[in-house]
Amino acid sequence: MRRLEWRDHSMAATEVISGLSTGNGVQEHTAAEPVRRSVRVRATRARAFEVFANEINAWWPATYHIGSSPQKKVVVEGREGGSIYTEQEDGINSPWAKVLSWDPPHRLVFAWQVSPEYQYEPELAKSSEVEVSFTSVADGITEVKLEHRGFDRHGAGHEGVRAMVDAEDGWDALLSLFAAKAGGEA
């Protein structure tokens, strides 16, 4: 199984820091803070949304997938209930998200269905959520805000999921790649 090639974080260390022992050997986890990022791009709101959602394959790194073979393409099915998946070289589609809200060019919300073990998580109740909003701030300039929240829904190991997307090569790197494709940072 090919894993996301993001930084390898010590889940054991974050487990000790974030978990509270109940005295009976069970770990209780406090809700993890959302990861928030934003970038201003030299694009209209409609163009920024188009690049983020419909042209994701042009900027999403080929190594960022959970499929069993090299990634060929990233696909976003542009509708509520649509899947976000990678087409793999072995012919298998590897889902990793589900579109919860599709409101072009204003907003996109999807369930992040990547488990702490870097496997597809089919249960939405065990998936975190990513909201991306697009706001015109000047003529031809759009602010794109991203909030990744609900990490505690992943259960044990959720701290590792949060650490991965919060790292320099997580959403920071992805938004930089997106901004370059959308027309550059403003």
# chains A, B, ... in the order shown; residues from 1 in each chain; ligands from 1
>>> residues_around(residues="A:Trp102", least_positions_apart="2", cutoff="8 Å", atoms="only C-alpha atoms", output="ChimeraX atom specification")
/A:78-80,99-100,104,107-109
>>> write_last_selection(atoms="N, CA, C and O atoms", output="mmCIF file, in the first residue's frame")
data_model
loop_
_atom_site.group_PDB
_atom_site.id
_atom_site.type_symbol
_atom_site.label_atom_id
_atom_site.label_comp_id
_atom_site.auth_asym_id
_atom_site.auth_seq_id
_atom_site.Cartn_x
_atom_site.Cartn_y
_atom_site.Cartn_z
ATOM 1 N N GLY A 78 -18.117 16.932 -9.158
ATOM 2 C CA GLY A 78 -18.652 18.232 -8.777
ATOM 3 C C GLY A 78 -20.128 18.256 -8.485
ATOM 4 O O GLY A 78 -20.914 18.805 -9.260
ATOM 5 N N ARG A 79 -20.489 17.663 -7.360
ATOM 6 C CA ARG A 79 -21.877 17.674 -6.911
ATOM 7 C C ARG A 79 -21.910 17.217 -5.460
ATOM 8 O O ARG A 79 -21.007 16.517 -5.005
ATOM 9 N N GLU A 80 -22.941 17.639 -4.753
ATOM 10 C CA GLU A 80 -23.119 17.156 -3.393
ATOM 11 C C GLU A 80 -23.273 15.635 -3.433
ATOM 12 O O GLU A 80 -24.014 15.097 -4.260
ATOM 13 N N VAL A 99 -17.895 14.864 -1.275
ATOM 14 C CA VAL A 99 -18.375 16.244 -1.323
ATOM 15 C C VAL A 99 -19.644 16.349 -0.481
ATOM 16 O O VAL A 99 -20.635 15.660 -0.733
ATOM 17 N N LEU A 100 -19.606 17.219 0.523
ATOM 18 C CA LEU A 100 -20.753 17.448 1.398
ATOM 19 C C LEU A 100 -21.553 18.667 0.968
ATOM 20 O O LEU A 100 -22.771 18.716 1.147
ATOM 21 N N PRO A 104 -20.536 26.360 -6.147
ATOM 22 C CA PRO A 104 -19.630 27.189 -6.940
ATOM 23 C C PRO A 104 -20.224 28.580 -7.189
ATOM 24 O O PRO A 104 -21.429 28.688 -7.377
ATOM 25 N N ARG A 107 -18.204 28.107 -2.280
ATOM 26 C CA ARG A 107 -17.812 27.228 -1.179
ATOM 27 C C ARG A 107 -17.843 25.767 -1.618
ATOM 28 O O ARG A 107 -18.682 25.352 -2.397
ATOM 29 N N LEU A 108 -16.901 25.017 -1.037
ATOM 30 C CA LEU A 108 -16.813 23.577 -1.216
ATOM 31 C C LEU A 108 -16.520 22.977 0.163
ATOM 32 O O LEU A 108 -15.628 23.448 0.863
ATOM 33 N N VAL A 109 -17.292 21.963 0.549
ATOM 34 C CA VAL A 109 -17.049 21.263 1.811
ATOM 35 C C VAL A 109 -16.970 19.781 1.487
ATOM 36 O O VAL A 109 -17.799 19.259 0.738
#
>>> residues_around(residues="A:Trp171", least_positions_apart="4", cutoff="9 Å", atoms="only C-alpha atoms", output="ChimeraX atom specification")
/A:35-37,146,164-167,175-176
>>> write_last_selection(atoms="N, CA, C and O atoms", output="PDB file, in the first residue's frame")
ATOM      1  N   VAL A  35      -7.449  23.245  11.699  1.00  0.00           N
ATOM      2  CA  VAL A  35      -6.320  23.804  10.967  1.00  0.00           C
ATOM      3  C   VAL A  35      -6.913  24.822  10.005  1.00  0.00           C
ATOM      4  O   VAL A  35      -7.800  24.491   9.212  1.00  0.00           O
ATOM      5  N   ARG A  36      -6.436  26.057  10.085  1.00  0.00           N
ATOM      6  CA  ARG A  36      -6.955  27.133   9.224  1.00  0.00           C
ATOM      7  C   ARG A  36      -5.819  27.716   8.405  1.00  0.00           C
ATOM      8  O   ARG A  36      -4.748  28.028   8.946  1.00  0.00           O
ATOM      9  N   ARG A  37      -6.065  27.874   7.131  1.00  0.00           N
ATOM     10  CA  ARG A  37      -5.102  28.486   6.219  1.00  0.00           C
ATOM     11  C   ARG A  37      -5.858  29.393   5.258  1.00  0.00           C
ATOM     12  O   ARG A  37      -7.047  29.183   4.999  1.00  0.00           O
ATOM     13  N   LEU A 146      -9.357  28.065   3.991  1.00  0.00           N
ATOM     14  CA  LEU A 146      -9.532  26.634   4.195  1.00  0.00           C
ATOM     15  C   LEU A 146      -9.566  26.360   5.684  1.00  0.00           C
ATOM     16  O   LEU A 146      -8.727  26.868   6.430  1.00  0.00           O
ATOM     17  N   MET A 164      -0.298  15.962  10.344  1.00  0.00           N
ATOM     18  CA  MET A 164       0.080  15.798   8.940  1.00  0.00           C
ATOM     19  C   MET A 164      -0.405  16.975   8.097  1.00  0.00           C
ATOM     20  O   MET A 164       0.363  17.565   7.348  1.00  0.00           O
ATOM     21  N   VAL A 165      -1.683  17.352   8.235  1.00  0.00           N
ATOM     22  CA  VAL A 165      -2.209  18.421   7.387  1.00  0.00           C
ATOM     23  C   VAL A 165      -1.770  19.799   7.867  1.00  0.00           C
ATOM     24  O   VAL A 165      -1.769  20.758   7.091  1.00  0.00           O
ATOM     25  N   ASP A 166      -1.358  19.902   9.151  1.00  0.00           N
ATOM     26  CA  ASP A 166      -0.892  21.167   9.707  1.00  0.00           C
ATOM     27  C   ASP A 166       0.591  21.417   9.422  1.00  0.00           C
ATOM     28  O   ASP A 166       1.093  22.520   9.597  1.00  0.00           O
ATOM     29  N   ALA A 167       1.293  20.402   8.960  1.00  0.00           N
ATOM     30  CA  ALA A 167       2.731  20.516   8.696  1.00  0.00           C
ATOM     31  C   ALA A 167       2.992  21.400   7.471  1.00  0.00           C
ATOM     32  O   ALA A 167       2.098  21.661   6.661  1.00  0.00           O
ATOM     33  N   LEU A 175      -1.828  24.626  -0.712  1.00  0.00           N
ATOM     34  CA  LEU A 175      -2.373  25.928  -1.110  1.00  0.00           C
ATOM     35  C   LEU A 175      -1.377  26.734  -1.940  1.00  0.00           C
ATOM     36  O   LEU A 175      -1.779  27.488  -2.834  1.00  0.00           O
ATOM     37  N   SER A 176      -0.101  26.567  -1.689  1.00  0.00           N
ATOM     38  CA  SER A 176       0.909  27.228  -2.531  1.00  0.00           C
ATOM     39  C   SER A 176       0.871  26.692  -3.956  1.00  0.00           C
ATOM     40  O   SER A 176       0.954  27.456  -4.925  1.00  0.00           O
TER      41      SER A 176
END
>>> atom_distance(atom1="atom CA of A:Ile56", atom2="atom CA of A:Ser127")
20.8 Å
>>> select_by_dssp(residues="stretch 77-177 of chain A", states="alpha helix (DSSP H)", output="list of chain:residue names")
A:His158, A:Glu159, A:Gly160, A:Val161, A:Arg162, A:Ala163, A:Met164, A:Val165, A:Asp166, A:Ala173, A:Leu174, A:Leu175, A:Ser176, A:Leu177
>>> closest_atom_pairs(of="stretch 67-103 of chain A", to="stretch 114-122 of chain A", cutoff="9 Å", atoms="only C-alpha atoms", output="CSV")
residue,atom,partner,partner_atom,distance
A:Gly67,CA,A:Gln119,CA,8.5
A:Ser94,CA,A:Tyr120,CA,7.9
A:Pro95,CA,A:Tyr120,CA,6.7
A:Trp96,CA,A:Tyr120,CA,5.8
A:Ala97,CA,A:Val114,CA,7.6
>>> closest_atom_pairs(of="stretch 42-61 of chain A", to="stretch 133-137 of chain A", cutoff="12 Å", atoms="only C-alpha atoms", output="tab-separated table")
residue	atom	partner	partner_atom	distance
A:Arg42	CA	A:Ser136	CA	10.3
A:Ala43	CA	A:Ser136	CA	9.0
A:Thr44	CA	A:Ser136	CA	6.9
A:Arg45	CA	A:Ser136	CA	5.8
A:Ala46	CA	A:Phe134	CA	8.4
A:Arg47	CA	A:Phe134	CA	9.9
A:Ala48	CA	A:Phe134	CA	7.3
A:Phe49	CA	A:Phe134	CA	6.9
A:Glu50	CA	A:Phe134	CA	10.6
A:Val51	CA	A:Phe134	CA	11.5
A:Phe52	CA	A:Phe134	CA	10.0
A:Ala53	CA	A:Ser133	CA	11.5
>>> closest_residue(among="A:Glu147, A:Gly81, A:Gly170, A:Gly157", to="A:Leu124", atoms="only C-alpha atoms")
A:Gly81
>>> atom_distance(atom1="atom CA of A:Gly184", atom2="atom CA of A:Pro70")
28.1 Å
